[in-house]
Amino acid sequence: MLSNLWLVLLLSSSVLAQKKPCTVHDSDNNYYDLSPLKASKDYEFQTDGGHTVYLNICGRVRTEPWNTGLDVSQVDVAGLVRRDHGDFAIGLVNTTLEVKGGGLLLRQSQGSSCPGMDDERGSSTILFICDTSVYSAGKPVLLAQWPSEEERACHYEFEWRTHYACPIGERGLLGGLIVSLIISAMILLMAFIVISTVYNRFVLRQRGFDQLPKFTIAHAREIWEVCSEFLCSLVDYISAAWNTRTRGFGNVNTTSHHWTSREEEALRSAEPEPDHARGT
């Protein structure tokens, strides 16, 4: 039991120790997290020339790409510009942030091939600026595009003011472990309440308040033994049924188990033996 608990703790530690996507620390160890900006619906706005831009953060766009020149089944497009003859992908999903010039910088590259520039591919940079006055997610604003012509633009620069770009407190390893242990304890408690109530009602045949769980070590041990025996019997039954199925014929012992409580077993052992069973 203790070895299993230590295994759970070690696995939880390794998961929590991994760097979370779309997060970064600055030189002063301030922590930033842009993952809340990942949306189920794309951020949508217009370029100066009237083309619609679809953008998502820390994940692919939800809008179905059309004629991007990319195999969208193999790559995740982070943003696209809807043009007359097809969508122009302005970069693939990137979850690595950089701290630049008082803000957070996200670079997205390897998009569609640029018109007239076979060696260049669509890309975009987004500068996230901390703005506590923008409590919502905010919205990206197009600052520049290069080249400036709408149909030939290959690189886009955006600015995004949002409170999500402000530093926040980071949940440490110990805090994450404590939260995980609390959630696990709550799940075990709920399972014990449900199983104990069912056991008291249908096995011990108790009613009213008597069928409520008893928070004692003896009762908990009895519930554990009943559950263990039930699981073992279930595994044996499934194994026997599977073996019979693989052989194609044969009989399966489907004798059902009658679950009895310790109180019933004690009463049965105390019953007097029949006269014919006693010695003369």
# chains A, B, ... in the order shown; residues from 1 in each chain; ligands from 1

$ residues_around --residues "region 69-84 of chain A" --least-positions-apart "5" --cutoff "8 Å" --atoms "only C-alpha atoms" --output "ChimeraX atom specification"
/A:51-61,89-94,108,111-113,151

$ residues_around --residues "Asn29 (chain A)" --least-positions-apart "5" --cutoff "12 Å" --atoms "only C-alpha atoms" --output "list in words"
Thr23, Val24, Val99, Pro167, Ile168, Gly169 and Glu170 of chain A

$ select_by_dssp --residues "region 152-255 of chain A" --states "helix (DSSP H, G or I)" --output "number ranges by chain"
A: 163-165, 173-202, 208-211, 217-247

$ select_by_dssp --residues "region 110-196 of chain A" --states "strand (DSSP E)" --output "ChimeraX atom specification"
/A:113-114,117-121,123-130,140-146,155-162

$ decode --residues "region 35-49 of chain A" --atoms "all heavy atoms" --output "PDB file, in the first residue's frame"
ATOM      1  N   SER A  35      -1.758  30.218 -21.477  1.00  0.00           N
ATOM      2  CA  SER A  35      -2.627  29.105 -21.877  1.00  0.00           C
ATOM      3  C   SER A  35      -4.117  29.433 -21.778  1.00  0.00           C
ATOM      4  O   SER A  35      -4.903  28.862 -22.547  1.00  0.00           O
ATOM      5  CB  SER A  35      -2.295  27.860 -21.055  1.00  0.00           C
ATOM      6  OG  SER A  35      -2.489  28.101 -19.668  1.00  0.00           O
ATOM      7  N   PRO A  36      -4.565  30.339 -20.867  1.00  0.00           N
ATOM      8  CA  PRO A  36      -6.001  30.665 -20.866  1.00  0.00           C
ATOM      9  C   PRO A  36      -6.481  31.320 -22.153  1.00  0.00           C
ATOM     10  O   PRO A  36      -7.697  31.392 -22.388  1.00  0.00           O
ATOM     11  CB  PRO A  36      -6.136  31.628 -19.674  1.00  0.00           C
ATOM     12  CG  PRO A  36      -5.006  31.283 -18.770  1.00  0.00           C
ATOM     13  CD  PRO A  36      -3.885  30.924 -19.685  1.00  0.00           C
ATOM     14  N   LEU A  37      -5.570  31.810 -22.985  1.00  0.00           N
ATOM     15  CA  LEU A  37      -5.974  32.441 -24.244  1.00  0.00           C
ATOM     16  C   LEU A  37      -6.338  31.412 -25.317  1.00  0.00           C
ATOM     17  O   LEU A  37      -6.887  31.784 -26.359  1.00  0.00           O
ATOM     18  CB  LEU A  37      -4.854  33.343 -24.772  1.00  0.00           C
ATOM     19  CG  LEU A  37      -4.575  34.614 -23.960  1.00  0.00           C
ATOM     20  CD1 LEU A  37      -3.410  35.378 -24.555  1.00  0.00           C
ATOM     21  CD2 LEU A  37      -5.815  35.501 -23.913  1.00  0.00           C
ATOM     22  N   LYS A  38      -6.015  30.146 -25.080  1.00  0.00           N
ATOM     23  CA  LYS A  38      -6.423  29.104 -26.026  1.00  0.00           C
ATOM     24  C   LYS A  38      -7.936  29.035 -26.034  1.00  0.00           C
ATOM     25  O   LYS A  38      -8.574  28.819 -24.999  1.00  0.00           O
ATOM     26  CB  LYS A  38      -5.823  27.757 -25.619  1.00  0.00           C
ATOM     27  CG  LYS A  38      -6.142  26.635 -26.586  1.00  0.00           C
ATOM     28  CD  LYS A  38      -5.473  25.338 -26.157  1.00  0.00           C
ATOM     29  CE  LYS A  38      -5.772  24.223 -27.144  1.00  0.00           C
ATOM     30  NZ  LYS A  38      -5.116  22.947 -26.756  1.00  0.00           N
ATOM     31  N   ALA A  39      -8.527  29.218 -27.217  1.00  0.00           N
ATOM     32  CA  ALA A  39      -9.974  29.387 -27.306  1.00  0.00           C
ATOM     33  C   ALA A  39     -10.615  28.279 -28.136  1.00  0.00           C
ATOM     34  O   ALA A  39      -9.974  27.677 -29.014  1.00  0.00           O
ATOM     35  CB  ALA A  39     -10.312  30.748 -27.914  1.00  0.00           C
ATOM     36  N   SER A  40     -11.882  28.016 -27.855  1.00  0.00           N
ATOM     37  CA  SER A  40     -12.649  27.051 -28.638  1.00  0.00           C
ATOM     38  C   SER A  40     -13.174  27.682 -29.923  1.00  0.00           C
ATOM     39  O   SER A  40     -13.621  26.978 -30.827  1.00  0.00           O
ATOM     40  CB  SER A  40     -13.826  26.518 -27.811  1.00  0.00           C
ATOM     41  OG  SER A  40     -14.652  27.585 -27.382  1.00  0.00           O
ATOM     42  N   LYS A  41     -13.122  29.011 -30.004  1.00  0.00           N
ATOM     43  CA  LYS A  41     -13.506  29.744 -31.208  1.00  0.00           C
ATOM     44  C   LYS A  41     -12.382  30.713 -31.541  1.00  0.00           C
ATOM     45  O   LYS A  41     -11.870  31.408 -30.681  1.00  0.00           O
ATOM     46  CB  LYS A  41     -14.816  30.495 -30.983  1.00  0.00           C
ATOM     47  CG  LYS A  41     -15.312  31.239 -32.212  1.00  0.00           C
ATOM     48  CD  LYS A  41     -16.626  31.947 -31.936  1.00  0.00           C
ATOM     49  CE  LYS A  41     -17.111  32.700 -33.163  1.00  0.00           C
ATOM     50  NZ  LYS A  41     -18.383  33.417 -32.900  1.00  0.00           N
ATOM     51  N   ASP A  42     -12.006  30.769 -32.815  1.00  0.00           N
ATOM     52  CA  ASP A  42     -10.869  31.589 -33.223  1.00  0.00           C
ATOM     53  C   ASP A  42     -11.104  33.070 -32.951  1.00  0.00           C
ATOM     54  O   ASP A  42     -12.243  33.558 -32.990  1.00  0.00           O
ATOM     55  CB  ASP A  42     -10.594  31.395 -34.722  1.00  0.00           C
ATOM     56  CG  ASP A  42     -10.167  29.982 -35.055  1.00  0.00           C
ATOM     57  OD1 ASP A  42      -9.577  29.331 -34.184  1.00  0.00           O
ATOM     58  OD2 ASP A  42     -10.440  29.541 -36.185  1.00  0.00           O
ATOM     59  N   TYR A  43      -9.998  33.771 -32.684  1.00  0.00           N
ATOM     60  CA  TYR A  43     -10.032  35.230 -32.642  1.00  0.00           C
ATOM     61  C   TYR A  43     -10.080  35.720 -34.086  1.00  0.00           C
ATOM     62  O   TYR A  43      -9.231  35.344 -34.905  1.00  0.00           O
ATOM     63  CB  TYR A  43      -8.803  35.775 -31.922  1.00  0.00           C
ATOM     64  CG  TYR A  43      -8.686  35.301 -30.487  1.00  0.00           C
ATOM     65  CD1 TYR A  43      -7.926  34.172 -30.164  1.00  0.00           C
ATOM     66  CD2 TYR A  43      -9.353  35.968 -29.454  1.00  0.00           C
ATOM     67  CE1 TYR A  43      -7.828  33.732 -28.848  1.00  0.00           C
ATOM     68  CE2 TYR A  43      -9.248  35.527 -28.138  1.00  0.00           C
ATOM     69  CZ  TYR A  43      -8.494  34.409 -27.850  1.00  0.00           C
ATOM     70  OH  TYR A  43      -8.392  33.974 -26.552  1.00  0.00           O
ATOM     71  N   GLU A  44     -11.051  36.547 -34.388  1.00  0.00           N
ATOM     72  CA  GLU A  44     -11.303  36.945 -35.776  1.00  0.00           C
ATOM     73  C   GLU A  44     -11.285  38.461 -35.902  1.00  0.00           C
ATOM     74  O   GLU A  44     -11.927  39.168 -35.121  1.00  0.00           O
ATOM     75  CB  GLU A  44     -12.656  36.373 -36.212  1.00  0.00           C
ATOM     76  CG  GLU A  44     -13.040  36.658 -37.641  1.00  0.00           C
ATOM     77  CD  GLU A  44     -14.385  36.028 -38.005  1.00  0.00           C
ATOM     78  OE1 GLU A  44     -14.813  35.096 -37.279  1.00  0.00           O
ATOM     79  OE2 GLU A  44     -14.996  36.471 -38.991  1.00  0.00           O
ATOM     80  N   PHE A  45     -10.554  38.957 -36.879  1.00  0.00           N
ATOM     81  CA  PHE A  45     -10.492  40.395 -37.131  1.00  0.00           C
ATOM     82  C   PHE A  45     -10.090  40.610 -38.585  1.00  0.00           C
ATOM     83  O   PHE A  45      -9.815  39.649 -39.323  1.00  0.00           O
ATOM     84  CB  PHE A  45      -9.510  41.087 -36.180  1.00  0.00           C
ATOM     85  CG  PHE A  45      -8.138  40.479 -36.163  1.00  0.00           C
ATOM     86  CD1 PHE A  45      -7.094  41.041 -36.893  1.00  0.00           C
ATOM     87  CD2 PHE A  45      -7.866  39.346 -35.397  1.00  0.00           C
ATOM     88  CE1 PHE A  45      -5.828  40.481 -36.886  1.00  0.00           C
ATOM     89  CE2 PHE A  45      -6.596  38.788 -35.382  1.00  0.00           C
ATOM     90  CZ  PHE A  45      -5.572  39.357 -36.128  1.00  0.00           C
ATOM     91  N   GLN A  46     -10.049  41.875 -39.007  1.00  0.00           N
ATOM     92  CA  GLN A  46      -9.817  42.218 -40.398  1.00  0.00           C
ATOM     93  C   GLN A  46      -8.468  42.900 -40.587  1.00  0.00           C
ATOM     94  O   GLN A  46      -7.987  43.624 -39.711  1.00  0.00           O
ATOM     95  CB  GLN A  46     -10.930  43.153 -40.906  1.00  0.00           C
ATOM     96  CG  GLN A  46     -12.334  42.606 -40.774  1.00  0.00           C
ATOM     97  CD  GLN A  46     -12.625  41.502 -41.773  1.00  0.00           C
ATOM     98  OE1 GLN A  46     -12.162  41.561 -42.910  1.00  0.00           O
ATOM     99  NE2 GLN A  46     -13.375  40.494 -41.350  1.00  0.00           N
ATOM    100  N   THR A  47      -7.860  42.646 -41.765  1.00  0.00           N
ATOM    101  CA  THR A  47      -6.677  43.402 -42.156  1.00  0.00           C
ATOM    102  C   THR A  47      -7.134  44.742 -42.733  1.00  0.00           C
ATOM    103  O   THR A  47      -8.328  44.980 -42.943  1.00  0.00           O
ATOM    104  CB  THR A  47      -5.862  42.638 -43.207  1.00  0.00           C
ATOM    105  OG1 THR A  47      -6.646  42.524 -44.412  1.00  0.00           O
ATOM    106  CG2 THR A  47      -5.508  41.247 -42.703  1.00  0.00           C
ATOM    107  N   ASP A  48      -6.185  45.615 -43.025  1.00  0.00           N
ATOM    108  CA  ASP A  48      -6.538  46.915 -43.613  1.00  0.00           C
ATOM    109  C   ASP A  48      -7.177  46.756 -44.983  1.00  0.00           C
ATOM    110  O   ASP A  48      -7.987  47.585 -45.410  1.00  0.00           O
ATOM    111  CB  ASP A  48      -5.283  47.793 -43.730  1.00  0.00           C
ATOM    112  CG  ASP A  48      -4.723  48.174 -42.373  1.00  0.00           C
ATOM    113  OD1 ASP A  48      -5.495  48.130 -41.386  1.00  0.00           O
ATOM    114  OD2 ASP A  48      -3.517  48.489 -42.274  1.00  0.00           O
ATOM    115  N   GLY A  49      -6.825  45.678 -45.670  1.00  0.00           N
ATOM    116  CA  GLY A  49      -7.397  45.437 -46.991  1.00  0.00           C
ATOM    117  C   GLY A  49      -8.708  44.683 -46.964  1.00  0.00           C
ATOM    118  O   GLY A  49      -9.268  44.369 -48.018  1.00  0.00           O
TER     119      GLY A  49
END
